[in-house]
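Colleague: mmCIF, C-alpha atoms and all ligand atoms, file entry_19.cif:
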```
data_target
#
loop_
_atom_site.label_atom_id
_atom_site.label_comp_id
_atom_site.auth_asym_id
_atom_site.auth_seq_id
_atom_site.Cartn_x
_atom_site.Cartn_y
_atom_site.Cartn_z
CA MET A 1 -2.28 -18.23 -3.88
CA ILE A 2 -0.68 -20.26 -1.12
CA ALA A 3 -2.26 -19.63 2.26
CA ASN A 4 -0.19 -20.95 5.15
CA PHE A 5 -2.13 -21.68 8.30
CA GLY A 6 -0.14 -22.46 11.39
CA TYR A 7 2.92 -21.19 13.17
CA LYS A 8 6.59 -21.55 13.77
CA ASP A 9 8.01 -22.06 17.22
CA GLY A 10 11.21 -23.23 18.83
CA SER A 11 10.55 -26.84 17.84
CA GLY A 12 9.78 -26.37 14.16
CA ASP A 13 7.42 -25.18 11.41
CA TYR A 14 3.81 -26.31 11.60
CA PHE A 15 1.82 -25.14 8.63
CA ILE A 16 -1.00 -26.50 6.52
CA SER A 17 -0.88 -24.81 3.12
CA ILE A 18 -3.85 -24.49 0.83
CA ASP A 19 -3.14 -23.66 -2.79
CA THR A 20 -6.16 -21.51 -3.66
CA ASP A 21 -5.40 -21.68 -7.36
CA LYS A 22 -6.05 -25.42 -7.19
CA CYS A 23 -8.70 -25.57 -4.46
CA ASN A 24 -12.25 -25.17 -5.79
CA GLY A 25 -13.96 -25.27 -2.42
CA CYS A 26 -15.57 -28.69 -3.05
CA GLY A 27 -15.35 -29.52 0.65
CA ASP A 28 -14.24 -33.14 0.32
CA CYS A 29 -11.44 -32.58 2.83
CA VAL A 30 -13.73 -31.34 5.60
CA PRO A 31 -15.60 -34.46 6.77
CA VAL A 32 -12.60 -36.81 6.54
CA CYS A 33 -10.58 -34.87 9.11
CA PRO A 34 -10.90 -36.63 12.47
CA ALA A 35 -10.02 -33.48 14.38
CA GLY A 36 -12.38 -31.13 12.54
CA VAL A 37 -9.53 -28.84 11.57
CA LEU A 38 -10.75 -27.70 8.16
CA GLU A 39 -13.67 -25.62 6.97
CA ILE A 40 -14.83 -24.01 3.75
CA ARG A 41 -14.97 -20.26 3.71
CA ASP A 42 -14.81 -17.28 1.35
CA ASN A 43 -11.45 -16.68 -0.20
CA GLU A 44 -10.84 -13.69 1.97
CA PHE A 45 -7.45 -12.98 0.45
CA ASP A 46 -9.03 -11.97 -2.81
CA PRO A 47 -12.05 -9.99 -1.62
CA LEU A 48 -13.11 -8.83 -5.08
CA ALA A 49 -13.61 -12.38 -6.35
CA ASP A 50 -16.38 -14.51 -4.87
CA ASP A 51 -14.75 -17.92 -4.59
CA LYS A 52 -14.66 -20.38 -1.73
CA MET A 53 -11.65 -22.18 -0.35
CA ALA A 54 -10.68 -24.68 2.32
CA ALA A 55 -9.04 -23.17 5.40
CA VAL A 56 -7.88 -24.13 8.85
CA LYS A 57 -10.36 -23.09 11.52
CA GLU A 58 -9.13 -20.21 13.61
CA GLU A 59 -9.34 -22.20 16.86
CA HIS A 60 -6.93 -24.80 15.41
CA ARG A 61 -4.48 -22.46 13.71
CA LYS A 62 -2.35 -21.76 16.74
CA LYS A 63 -2.23 -25.38 17.96
CA ILE A 64 -2.20 -27.23 14.66
CA LYS A 65 0.72 -29.44 15.68
CA TYR A 66 -1.45 -30.88 18.43
CA SER A 67 -4.69 -30.91 16.43
CA CYS A 68 -3.05 -33.04 13.75
CA ALA A 69 -1.09 -35.24 16.15
CA GLY A 70 -3.59 -38.08 15.84
CA CYS A 71 -2.87 -38.48 12.11
CA LYS A 72 0.81 -37.77 12.15
CA PRO A 73 2.82 -40.32 14.09
CA GLU A 74 1.34 -43.48 12.59
CA MET A 75 1.10 -42.37 9.04
CA ASN A 76 3.49 -41.27 6.43
CA MET A 77 2.94 -37.83 4.93
CA LYS A 78 1.24 -39.05 1.77
CA ASN A 79 -1.53 -40.81 3.60
CA LEU A 80 -2.99 -38.01 5.66
CA PRO A 81 -6.80 -38.19 5.31
CA CYS A 82 -7.13 -34.55 4.27
CA MET A 83 -4.54 -34.87 1.52
CA MET A 84 -5.91 -38.21 0.34
CA ALA A 85 -9.41 -36.74 0.09
CA CYS A 86 -8.45 -33.76 -2.02
CA PRO A 87 -8.97 -34.52 -5.71
CA LEU A 88 -6.98 -31.48 -6.79
CA ASP A 89 -3.87 -31.89 -4.68
CA ALA A 90 -4.40 -28.51 -3.06
CA ILE A 91 -3.29 -29.37 0.50
CA ALA A 92 0.26 -29.58 1.79
CA HIS A 93 1.73 -30.01 5.26
CA SER A 94 5.09 -28.60 6.30
CA TRP A 95 5.86 -31.25 8.93
CA MET B 1 3.14 9.97 37.17
CA ALA B 2 6.12 7.95 36.03
CA GLN B 3 7.20 8.52 32.43
CA GLU B 4 5.70 6.01 30.05
CA PHE B 5 8.57 5.14 27.77
CA TRP B 6 6.55 2.84 25.57
CA ARG B 7 4.03 5.51 24.67
CA TRP B 8 4.30 6.58 21.03
CA LYS B 9 2.64 9.66 19.62
CA GLU B 10 -0.79 9.59 18.09
CA TYR B 11 -1.18 11.70 14.96
CA ASN B 12 -3.47 12.81 12.20
CA TRP B 13 -2.96 14.29 8.74
CA LYS B 14 -5.04 16.00 6.10
CA SER B 15 -4.38 16.95 2.48
CA ASP B 16 -4.71 20.65 1.75
CA LYS B 17 -4.84 20.05 -2.00
CA ILE B 18 -8.08 18.08 -2.25
CA ASP B 19 -11.57 19.52 -2.08
CA TRP B 20 -13.60 16.51 -1.04
CA LYS B 21 -16.89 18.11 -2.12
CA GLY B 22 -15.81 17.64 -5.72
CA GLY B 23 -15.12 13.92 -5.22
CA SER B 24 -17.37 11.30 -6.80
CA ILE B 25 -16.27 8.30 -4.70
CA ILE B 26 -15.37 8.88 -1.08
CA THR B 27 -14.27 5.77 0.79
CA GLY B 28 -12.93 4.95 4.22
CA GLY B 29 -10.64 2.28 5.60
CA VAL B 30 -10.32 1.50 9.29
CA ASP B 31 -7.60 -0.80 10.58
CA VAL B 32 -8.19 -1.81 14.18
CA GLY B 33 -5.03 -3.51 15.36
CA SER B 34 -4.28 -4.95 18.77
CA VAL B 35 -2.11 -1.96 19.67
CA SER B 36 -2.97 0.86 17.25
CA SER B 37 -5.92 1.84 15.08
CA GLN B 38 -5.87 3.86 11.87
CA ALA B 39 -8.76 5.49 10.03
CA LEU B 40 -8.21 6.79 6.53
CA ILE B 41 -10.24 8.54 3.84
CA LEU B 42 -9.75 8.47 0.08
CA VAL B 43 -11.35 10.88 -2.34
CA ASP B 44 -11.46 9.23 -5.78
CA GLY B 45 -8.56 7.05 -4.77
CA GLU B 46 -6.40 9.96 -3.60
CA LEU B 47 -5.25 10.09 0.00
CA TYR B 48 -7.29 12.78 1.74
CA ALA B 49 -6.96 12.28 5.51
CA TYR B 50 -5.99 9.80 8.20
CA ALA B 51 -5.45 9.41 11.90
CA SER B 52 -3.53 6.88 13.97
CA MET B 53 -4.35 6.25 17.60
CA ARG B 54 -3.81 3.73 20.32
CA THR B 55 -6.46 0.99 20.41
CA GLY B 56 -8.19 1.31 23.75
CA SER B 57 -9.86 -1.47 25.69
CA ASP B 58 -13.06 -0.66 23.80
CA SER B 59 -12.25 -1.42 20.13
CA PRO B 60 -15.52 -0.13 18.60
CA GLN B 61 -14.92 3.17 20.38
CA SER B 62 -11.29 3.24 19.14
CA ALA B 63 -12.54 2.88 15.56
CA VAL B 64 -15.03 5.72 16.05
CA ASN B 65 -12.43 7.95 17.70
CA ALA B 66 -9.88 7.40 14.96
CA MET B 67 -12.45 8.16 12.24
CA ASN B 68 -13.65 11.30 14.04
CA TRP B 69 -10.10 12.50 14.38
CA ALA B 70 -9.37 11.87 10.71
CA LEU B 71 -12.51 13.85 9.79
CA GLU B 72 -11.78 16.69 12.20
CA GLY B 73 -11.71 20.12 10.60
CA SER B 74 -12.61 18.79 7.13
CA GLY B 75 -16.32 19.57 7.22
CA MET B 76 -16.81 16.00 6.01
CA LYS B 77 -19.19 13.85 8.00
CA GLN B 78 -19.46 10.12 8.38
CA GLU B 79 -22.56 10.17 6.09
CA ASN B 80 -20.51 11.67 3.26
CA ILE B 81 -18.40 8.54 3.04
CA HIS B 82 -19.90 6.14 0.51
CA TYR B 83 -18.33 2.93 1.71
CA VAL B 84 -16.16 1.88 4.64
CA VAL B 85 -14.11 -1.31 4.91
CA GLY B 86 -12.90 -2.49 8.31
CA THR B 87 -9.74 -4.54 8.64
CA GLY B 88 -7.23 -5.73 11.23
CA TYR B 89 -7.43 -7.95 14.22
CA GLY B 90 -10.42 -5.99 15.58
CA ARG B 91 -12.17 -5.57 12.22
CA VAL B 92 -15.47 -6.99 13.41
CA ASN B 93 -15.53 -4.12 15.88
CA VAL B 94 -15.84 -1.29 13.39
CA PRO B 95 -19.48 -0.31 13.97
CA PHE B 96 -19.84 1.79 10.79
CA ALA B 97 -18.09 -0.59 8.35
CA ASN B 98 -20.03 -1.81 5.29
CA LYS B 99 -17.74 -4.82 4.99
CA THR B 100 -14.71 -6.40 6.64
CA ILE B 101 -11.66 -7.70 4.79
CA THR B 102 -8.66 -9.54 6.21
CA GLU B 103 -5.62 -7.37 6.89
CA ILE B 104 -3.45 -9.61 4.76
CA ALA B 105 -5.29 -8.62 1.60
CA CYS B 106 -5.43 -4.98 2.74
CA HIS B 107 -1.72 -4.70 3.51
CA ALA B 108 -0.80 -6.05 0.09
CA ARG B 109 -3.19 -3.64 -1.61
CA GLY B 110 -2.04 -0.67 0.48
CA ALA B 111 1.64 -1.40 -0.05
CA ASN B 112 0.99 -1.62 -3.80
CA MET B 113 -0.09 2.04 -3.78
CA MET B 114 2.48 3.24 -1.25
CA TYR B 115 5.54 1.66 -2.82
CA GLY B 116 4.37 0.93 -6.36
CA GLY B 117 3.64 -2.21 -8.35
CA SER B 118 7.18 -3.54 -8.08
CA VAL B 119 6.58 -4.71 -4.51
CA ARG B 120 6.65 -8.51 -4.22
CA THR B 121 7.30 -9.11 -0.52
CA ILE B 122 5.75 -7.30 2.40
CA LEU B 123 6.66 -7.81 5.98
CA ASP B 124 4.09 -6.36 8.31
CA MET B 125 5.44 -5.99 11.80
CA GLY B 126 2.40 -5.08 13.77
CA GLY B 127 1.55 -4.71 17.42
CA GLN B 128 1.03 -8.35 18.23
CA ASP B 129 1.90 -10.38 15.20
CA CYS B 130 4.21 -10.55 12.28
CA LYS B 131 3.00 -11.29 8.75
CA ALA B 132 4.96 -12.09 5.66
CA ILE B 133 3.04 -11.53 2.44
CA ARG B 134 3.97 -12.11 -1.19
CA CYS B 135 1.98 -10.33 -3.87
CA ASP B 136 1.80 -9.65 -7.60
CA GLU B 137 2.04 -6.36 -9.49
CA LYS B 138 -1.58 -5.54 -8.73
CA GLY B 139 -1.15 -6.03 -5.01
CA LYS B 140 -2.97 -9.35 -5.04
CA VAL B 141 -1.78 -11.83 -2.40
CA SER B 142 0.07 -14.87 -3.74
CA ASN B 143 1.42 -16.37 -0.53
CA PHE B 144 1.19 -15.43 3.10
CA LEU B 145 2.31 -16.46 6.49
CA MET B 146 1.45 -15.09 9.88
CA ASN B 147 3.15 -15.61 13.17
CA ASP B 148 1.28 -14.62 16.27
CA LYS B 149 2.24 -17.33 18.71
CA CYS B 150 3.97 -14.80 20.91
CA ALA B 151 4.80 -11.11 21.07
CA ALA B 152 8.39 -11.54 19.91
CA GLY B 153 9.29 -9.44 16.91
CA THR B 154 6.29 -7.22 17.41
CA GLY B 155 5.49 -3.70 18.47
CA ARG B 156 4.20 -4.90 21.80
CA GLY B 157 7.50 -6.66 22.48
CA MET B 158 9.36 -3.45 21.64
CA GLU B 159 7.12 -1.44 23.97
CA VAL B 160 7.86 -3.77 26.86
CA PHE B 161 11.54 -3.53 26.09
CA ALA B 162 11.57 0.29 25.85
CA ASP B 163 9.87 0.45 29.20
CA LEU B 164 12.31 -1.95 30.80
CA LEU B 165 15.29 0.14 29.69
CA SER B 166 13.56 3.48 30.28
CA VAL B 167 14.20 4.61 26.73
CA PRO B 168 11.50 6.45 24.73
CA ILE B 169 10.30 4.01 22.08
CA GLU B 170 10.99 6.39 19.17
CA GLU B 171 14.67 6.49 20.18
CA VAL B 172 15.31 2.78 20.53
CA GLY B 173 16.33 2.29 16.88
CA GLU B 174 18.76 5.21 16.81
CA LEU B 175 20.40 4.33 20.13
CA SER B 176 21.07 0.80 18.98
CA PHE B 177 23.75 2.14 16.62
CA TYR B 178 25.77 3.85 19.33
CA VAL B 179 27.79 0.79 20.13
CA GLU B 180 31.51 0.20 19.70
CA GLU B 181 30.90 -3.15 18.15
CA GLU B 182 27.80 -5.09 17.30
CA PRO B 183 27.03 -7.50 20.16
CA GLU B 184 25.72 -11.04 19.74
CA PRO B 185 21.92 -11.04 19.55
CA VAL B 186 20.18 -11.90 22.80
CA SER B 187 19.39 -15.58 22.62
CA SER B 188 15.67 -15.16 22.94
CA THR B 189 13.23 -12.67 21.50
CA CYS B 190 10.42 -14.05 23.60
CA VAL B 191 9.33 -11.02 25.57
CA VAL B 192 9.42 -12.78 28.91
CA PHE B 193 12.87 -14.33 28.45
CA ALA B 194 14.36 -11.31 26.69
CA LYS B 195 13.33 -9.21 29.63
CA THR B 196 15.15 -11.48 32.06
CA GLU B 197 18.15 -11.68 29.77
CA ALA B 198 18.32 -7.91 29.29
CA THR B 199 18.07 -7.31 33.02
CA GLY B 200 20.94 -9.77 33.51
CA LEU B 201 23.11 -8.04 30.91
CA LEU B 202 22.50 -4.63 32.46
CA ARG B 203 23.50 -6.05 35.81
CA GLU B 204 26.69 -7.40 34.24
CA GLY B 205 27.49 -3.84 33.31
CA TRP B 206 26.52 -3.77 29.61
CA PRO B 207 25.72 -0.23 28.48
CA LYS B 208 22.06 0.30 27.61
CA ASN B 209 22.77 0.87 23.92
CA LYS B 210 24.52 -2.43 23.63
CA VAL B 211 21.60 -4.26 25.19
CA ILE B 212 19.28 -2.47 22.76
CA ALA B 213 21.50 -3.44 19.84
CA ALA B 214 21.46 -7.07 20.95
CA TYR B 215 17.69 -7.03 21.17
CA CYS B 216 17.13 -5.33 17.80
CA SER B 217 19.40 -7.81 16.16
CA ALA B 218 17.62 -10.75 17.79
CA MET B 219 14.32 -9.40 16.52
CA ALA B 220 15.71 -9.03 12.99
CA HIS B 221 17.12 -12.52 13.07
CA ARG B 222 13.87 -14.06 14.13
CA VAL B 223 11.96 -12.36 11.37
CA VAL B 224 14.46 -13.63 8.80
CA THR B 225 13.78 -17.22 9.82
CA LEU B 226 10.07 -16.55 9.38
CA LEU B 227 10.61 -15.09 5.91
CA ASP B 228 12.59 -18.17 4.90
CA ARG B 229 9.37 -20.09 4.54
CA ILE B 230 7.83 -17.97 1.83
CA GLY B 231 11.03 -16.60 0.37
CA VAL B 232 11.92 -12.97 -0.19
CA GLU B 233 11.67 -11.51 -3.66
CA LYS B 234 12.45 -7.88 -4.53
CA ASP B 235 11.05 -5.31 -4.02
CA PHE B 236 10.84 -5.83 -0.33
CA VAL B 237 9.05 -3.49 2.07
CA ILE B 238 8.16 -3.33 5.74
CA THR B 239 4.89 -1.93 7.02
CA GLY B 240 3.60 -1.43 10.55
CA GLY B 241 5.05 0.32 13.57
CA ILE B 242 8.41 -1.50 13.60
CA ALA B 243 9.11 -0.14 10.09
CA LYS B 244 9.95 3.08 11.92
CA ASN B 245 12.58 1.39 14.08
CA SER B 246 15.83 1.78 12.17
CA GLY B 247 17.61 -0.47 14.67
CA VAL B 248 15.59 -3.45 13.52
CA VAL B 249 15.15 -2.42 9.87
CA ASN B 250 18.85 -1.85 9.14
CA ARG B 251 19.86 -5.11 10.74
CA LEU B 252 17.18 -6.93 8.81
CA GLN B 253 18.43 -5.39 5.60
CA LYS B 254 21.96 -6.53 6.35
CA GLU B 255 20.99 -10.06 7.27
CA LEU B 256 18.80 -10.53 4.19
CA GLY B 257 21.20 -8.77 1.88
CA ILE B 258 18.22 -7.05 0.25
CA GLU B 259 17.48 -3.38 0.23
CA ILE B 260 14.26 -2.37 1.94
CA LEU B 261 12.27 0.08 -0.15
CA LYS B 262 11.31 3.36 1.50
CA THR B 263 8.21 5.44 1.03
CA ASP B 264 7.02 8.98 1.72
CA TYR B 265 3.82 7.52 3.05
CA ASP B 266 3.49 6.64 6.70
CA ALA B 267 4.29 2.89 6.97
CA GLN B 268 1.57 2.39 9.56
CA ILE B 269 -1.33 3.26 7.26
CA ALA B 270 -0.88 0.37 4.80
CA GLY B 271 -3.78 -1.68 6.19
CA ALA B 272 -6.24 1.22 6.36
CA LEU B 273 -5.18 2.42 2.91
CA GLY B 274 -5.71 -1.03 1.40
CA ALA B 275 -9.13 -1.22 3.07
CA ALA B 276 -10.15 2.14 1.59
CA LEU B 277 -8.89 1.06 -1.85
CA PHE B 278 -10.99 -2.11 -1.66
CA ALA B 279 -13.93 0.05 -0.60
CA LYS B 280 -13.45 2.11 -3.75
CA ALA B 281 -13.31 -0.99 -5.94
CA LEU B 282 -16.48 -2.29 -4.29
CA VAL B 283 -18.33 0.98 -4.93
CA GLU B 284 -17.24 0.90 -8.56
CA LYS B 285 -18.50 -2.67 -8.83
CA GLU B 286 -21.87 -1.66 -7.37
CA ARG B 287 -22.28 1.36 -9.61
CA LYS B 288 -21.58 -0.57 -12.79
S1 LIG C 301 -3.60 -34.26 9.19
FE1 LIG C 301 -5.43 -35.24 10.01
S2 LIG C 301 -6.07 -33.89 11.65
FE2 LIG C 301 -4.65 -32.71 10.39
S3 LIG C 301 -5.95 -31.64 8.93
FE3 LIG C 301 -5.32 -33.54 7.93
S4 LIG C 301 -6.95 -35.00 8.40
FE4 LIG C 301 -7.18 -33.28 9.81
S1 LIG C 302 -10.79 -31.27 -1.04
FE1 LIG C 302 -9.18 -30.04 -1.99
S2 LIG C 302 -10.26 -28.86 -3.56
FE2 LIG C 302 -11.81 -29.65 -2.17
S3 LIG C 302 -12.10 -28.01 -0.64
FE3 LIG C 302 -10.59 -29.41 0.20
S4 LIG C 302 -8.63 -28.53 -0.43
FE4 LIG C 302 -10.19 -27.58 -1.71
#
```
Do you think you could lay out the structure here as structure tokens?
Ligand code: SF4
Ligand code: SF4
Modeller:
Amino acid sequence: MIANFGYKDGSGDYFISIDTDKCNGCGDCVPVCPAGVLEIRDNEFDPLADDKMAAVKEEHRKKIKYSCAGCKPEMNMKNLPCMMACPLDAIAHSW
Amino acid sequence: MAQEFWRWKEYNWKSDKIDWKGGSIITGGVDVGSVSSQALILVDGELYAYASMRTGSDSPQSAVNAMNWALEGSGMKQENIHYVVGTGYGRVNVPFANKTITEIACHARGANMMYGGSVRTILDMGGQDCKAIRCDEKGKVSNFLMNDKCAAGTGRGMEVFADLLSVPIEEVGELSFYVEEEPEPVSSTCVVFAKTEATGLLREGWPKNKVIAAYCSAMAHRVVTLLDRIGVEKDFVITGGIAKNSGVVNRLQKELGIEILKTDYDAQIAGALGAALFAKALVEKERK
């Protein structure tokens, strides 16, 4: 499943997508994020299975454009710490 | 007291065909949304009773009230329900829930029963947010997106608008068709700006219906841009309060060029129904 965390506003689309079919909840992406955006939690979209997944913390979801601003301007998309850290290529950013 | 144009009717329903005493698994689902709350009871997976009410300032109390109203006259008591799942924005506030599950999973599951396994895209237009959900033939979520940055495209936005124009909220959709020609959408669906814009148009002499049409069409347009991200695959359905607003639904259908599937079920119970279905699956898992 693709879980899109973020929002769309007048200036564009700001979503971090986690592909839960790839993500195994290893947690490698969590400590590398300088803004503390990610966390590991139950895959709440499939309540009958008991797997874990990475997700954007609720307090960052509605301001993700600003939370990620530190990584974005200097770097090119491929080199975001969260994406680099993920061994399974489960994270994508829409902007 | 002044008439409250935004105020929609609360309601409850009960099946007269089911004798709950003969049921082996009785489950409940409670969906506490920001604007409305639904409580629903399934007897062996069959819809037995439900109630829909306004969420008050005290969400735990709203959950209790909705459940009591659903149970009213059935002889069934809270203790007779084997398992209750709470969902929705206020799901942590359902005091008698055995478990909480996100409304995204519940809407997909509920829509799967209401509209059948052919449903692939669900648009839930709730009180304060708008969710686009893709699912498989079992009602399992495959992709989702939520927009809750502002009240645009939501039930709350529509309530504010109905009040501004002094039109009962149930009539907004219908009235939007009584226009000589379809006006341009208002440029903003943001509640605050739309309000100013609508007031301006009325002052310019636009008939009320035309202003309503412009607003409904702006709302539809905005939702389409949201759906773009996850893509729309048939069958497509709309759940939540706005599903009852033909002014928005018909325009959405036109803009997407996809037919929106209808159901005999009440579109507002999808979340509570999904919650009660998960409750049933969880009981079955436990009993195994
Ligand atoms: S882009 Fe940077 S701030 Fe945003 S989630 Fe990835 S590591 Fe964290
Ligand atoms: S590093 Fe990748 S696989 Fe591991 S939890 Fe994060 S997203 Fe999931």
Colleague: Hey, which residues sit close to ligand LIG 302 (chain C)? Say within 10 Å, counting only C-alpha atoms and all ligand atoms, and write them as a ChimeraX atom specification.
Modeller: /A:17-32,38-41,52-55,82-92
Colleague: Please write the residues from the selection above to a file, keeping C-alpha atoms, as a PDB file, keeping the file's coordinate frame.
Modeller:
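Result written to part.pdb:
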```pdb
ATOM      1  CA  SER A  17      -0.880 -24.810   3.120  1.00  0.00           C
ATOM      2  CA  ILE A  18      -3.850 -24.490   0.830  1.00  0.00           C
ATOM      3  CA  ASP A  19      -3.140 -23.660  -2.790  1.00  0.00           C
ATOM      4  CA  THR A  20      -6.160 -21.510  -3.660  1.00  0.00           C
ATOM      5  CA  ASP A  21      -5.400 -21.680  -7.360  1.00  0.00           C
ATOM      6  CA  LYS A  22      -6.050 -25.420  -7.190  1.00  0.00           C
ATOM      7  CA  CYS A  23      -8.700 -25.570  -4.460  1.00  0.00           C
ATOM      8  CA  ASN A  24     -12.250 -25.170  -5.790  1.00  0.00           C
ATOM      9  CA  GLY A  25     -13.960 -25.270  -2.420  1.00  0.00           C
ATOM     10  CA  CYS A  26     -15.570 -28.690  -3.050  1.00  0.00           C
ATOM     11  CA  GLY A  27     -15.350 -29.520   0.650  1.00  0.00           C
ATOM     12  CA  ASP A  28     -14.240 -33.140   0.320  1.00  0.00           C
ATOM     13  CA  CYS A  29     -11.440 -32.580   2.830  1.00  0.00           C
ATOM     14  CA  VAL A  30     -13.730 -31.340   5.600  1.00  0.00           C
ATOM     15  CA  PRO A  31     -15.600 -34.460   6.770  1.00  0.00           C
ATOM     16  CA  VAL A  32     -12.600 -36.810   6.540  1.00  0.00           C
ATOM     17  CA  LEU A  38     -10.750 -27.700   8.160  1.00  0.00           C
ATOM     18  CA  GLU A  39     -13.670 -25.620   6.970  1.00  0.00           C
ATOM     19  CA  ILE A  40     -14.830 -24.010   3.750  1.00  0.00           C
ATOM     20  CA  ARG A  41     -14.970 -20.260   3.710  1.00  0.00           C
ATOM     21  CA  LYS A  52     -14.660 -20.380  -1.730  1.00  0.00           C
ATOM     22  CA  MET A  53     -11.650 -22.180  -0.350  1.00  0.00           C
ATOM     23  CA  ALA A  54     -10.680 -24.680   2.320  1.00  0.00           C
ATOM     24  CA  ALA A  55      -9.040 -23.170   5.400  1.00  0.00           C
ATOM     25  CA  CYS A  82      -7.130 -34.550   4.270  1.00  0.00           C
ATOM     26  CA  MET A  83      -4.540 -34.870   1.520  1.00  0.00           C
ATOM     27  CA  MET A  84      -5.910 -38.210   0.340  1.00  0.00           C
ATOM     28  CA  ALA A  85      -9.410 -36.740   0.090  1.00  0.00           C
ATOM     29  CA  CYS A  86      -8.450 -33.760  -2.020  1.00  0.00           C
ATOM     30  CA  PRO A  87      -8.970 -34.520  -5.710  1.00  0.00           C
ATOM     31  CA  LEU A  88      -6.980 -31.480  -6.790  1.00  0.00           C
ATOM     32  CA  ASP A  89      -3.870 -31.890  -4.680  1.00  0.00           C
ATOM     33  CA  ALA A  90      -4.400 -28.510  -3.060  1.00  0.00           C
ATOM     34  CA  ILE A  91      -3.290 -29.370   0.500  1.00  0.00           C
ATOM     35  CA  ALA A  92       0.260 -29.580   1.790  1.00  0.00           C
TER      36      ALA A  92
END
```
Colleague: Residues near Gly90 in chain B, anyone? I mean within 10 Å using only C-alpha atoms, not counting same-chain ones fewer than 3 positions away, as number ranges by chain.
Modeller: B: 30-34, 37, 55, 59-60, 62-63, 86-87, 93-94, 100
Colleague: For the residues in the current selection, export C-alpha atoms as a short mmCIF file (atom, residue, chain, number, x, y, z; two decimals), in the frame of the given file.
Modeller:
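Okay, part22.cif is ready:
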```cif
data_model
loop_
_atom_site.label_atom_id
_atom_site.label_comp_id
_atom_site.auth_asym_id
_atom_site.auth_seq_id
_atom_site.Cartn_x
_atom_site.Cartn_y
_atom_site.Cartn_z
CA VAL B 30 -10.32 1.50 9.29
CA ASP B 31 -7.60 -0.80 10.58
CA VAL B 32 -8.19 -1.81 14.18
CA GLY B 33 -5.03 -3.51 15.36
CA SER B 34 -4.28 -4.95 18.77
CA SER B 37 -5.92 1.84 15.08
CA THR B 55 -6.46 0.99 20.41
CA SER B 59 -12.25 -1.42 20.13
CA PRO B 60 -15.52 -0.13 18.60
CA SER B 62 -11.29 3.24 19.14
CA ALA B 63 -12.54 2.88 15.56
CA GLY B 86 -12.90 -2.49 8.31
CA THR B 87 -9.74 -4.54 8.64
CA ASN B 93 -15.53 -4.12 15.88
CA VAL B 94 -15.84 -1.29 13.39
CA THR B 100 -14.71 -6.40 6.64
#
```
Colleague: Using all atoms listed in the file and a cut-off of 7 Å, which residues of chain A sit close to chain B? Please list them as a VMD selection string.
Modeller: chain A and resid 1 to 4 7 to 8 44 to 47 62
Colleague: Mind pulling up the distance from CA of Ser166 in chain B to CA of Pro185 in chain B?
Modeller: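 Straight-line distance from CA of Pro185 in chain B to CA of Ser166 in chain B works out to 19.9 Å.
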Colleague: What does the list of residues within 6 Å of ligand LIG 301 (chain C) look like if you count all atoms listed in the file, written as an mmCIF file with C-alpha atoms, in the coordinates of the input?
Modeller:
```cif
data_model
loop_
_atom_site.group_PDB
_atom_site.id
_atom_site.type_symbol
_atom_site.label_atom_id
_atom_site.label_comp_id
_atom_site.auth_asym_id
_atom_site.auth_seq_id
_atom_site.Cartn_x
_atom_site.Cartn_y
_atom_site.Cartn_z
ATOM 1 C CA CYS A 33 -10.580 -34.870 9.110
ATOM 2 C CA PRO A 34 -10.900 -36.630 12.470
ATOM 3 C CA ALA A 35 -10.020 -33.480 14.380
ATOM 4 C CA VAL A 37 -9.530 -28.840 11.570
ATOM 5 C CA SER A 67 -4.690 -30.910 16.430
ATOM 6 C CA CYS A 68 -3.050 -33.040 13.750
ATOM 7 C CA CYS A 71 -2.870 -38.480 12.110
ATOM 8 C CA LEU A 80 -2.990 -38.010 5.660
ATOM 9 C CA PRO A 81 -6.800 -38.190 5.310
ATOM 10 C CA CYS A 82 -7.130 -34.550 4.270
#
```
Colleague: Report, as lines of an AutoDock Vina configuration file, the axis-aligned box around all atoms of range 102-112 of chain B present in the file, extended by 8 Å on each side; give centre and edge lengths in Å to one decimal place.
Modeller:
```
center_x = -3.5
center_y = -5.1
center_z = 1.5
size_x = 26.3
size_y = 24.9
size_z = 26.7
```
Colleague: Could you build a table of the residues in range 254-280 of chain B lying no more than 12 Å from range 12-15 of chain B, giving for each the nearest pair of atoms and their separation in Å rounded to one decimal place, using all atoms listed in the file, ordered by chain and ascending residue number, as CSV?
Modeller:
```
residue,atom,partner,partner_atom,distance
B:Tyr265,CA,B:Trp13,CA,11.1
B:Asp266,CA,B:Trp13,CA,10.2
B:Gln268,CA,B:Asn12,CA,11.9
B:Ile269,CA,B:Asn12,CA,11.0
```
Colleague: In Å, with one decimal, what is the gap from CA of Gly241 in chain B to CA of Gly126 in chain B?
Modeller: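 Rounded to one decimal, the two atoms are 6.0 Å apart.
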Colleague: So that I can check the surroundings of Gly75 in chain B, please list as a ChimeraX atom specification every protein, DNA and RNA residue that reaches within 10 Å of it, counting all atoms listed in the file and ignoring chain neighbours fewer than 4 positions away.
Modeller: /B:20-21,71,80
Colleague: Using only C-alpha atoms for the distances, tell me which of A:Asn79, A:Ala49, A:Val56, A:Gly36 is nearest to Ile16 in chain A.
Modeller: A:Val56
Colleague: Compile the contact shell of Leu175 in chain B as a VMD selection string: residues with an atom at most 9 Å away, counting only C-alpha atoms, same-chain residues fewer than 6 positions apart removed.
Modeller: chain B and resid 208 to 210 212 to 213 247
Colleague: What separation in Å, quoted to one decimal, exists between CA of Ala270 in chain B and CA of Lys254 in chain B?
Modeller: 23.9 Å
Colleague: I'd like the neighbourhood of Tyr14 in chain A as a PyMOL selection string, where a residue qualifies if any of its atoms comes within 8 Å (using all atoms listed in the file), though same-chain residues fewer than 4 positions away should be ignored.
Modeller: chain A and resi 6-8+64-65+93-95
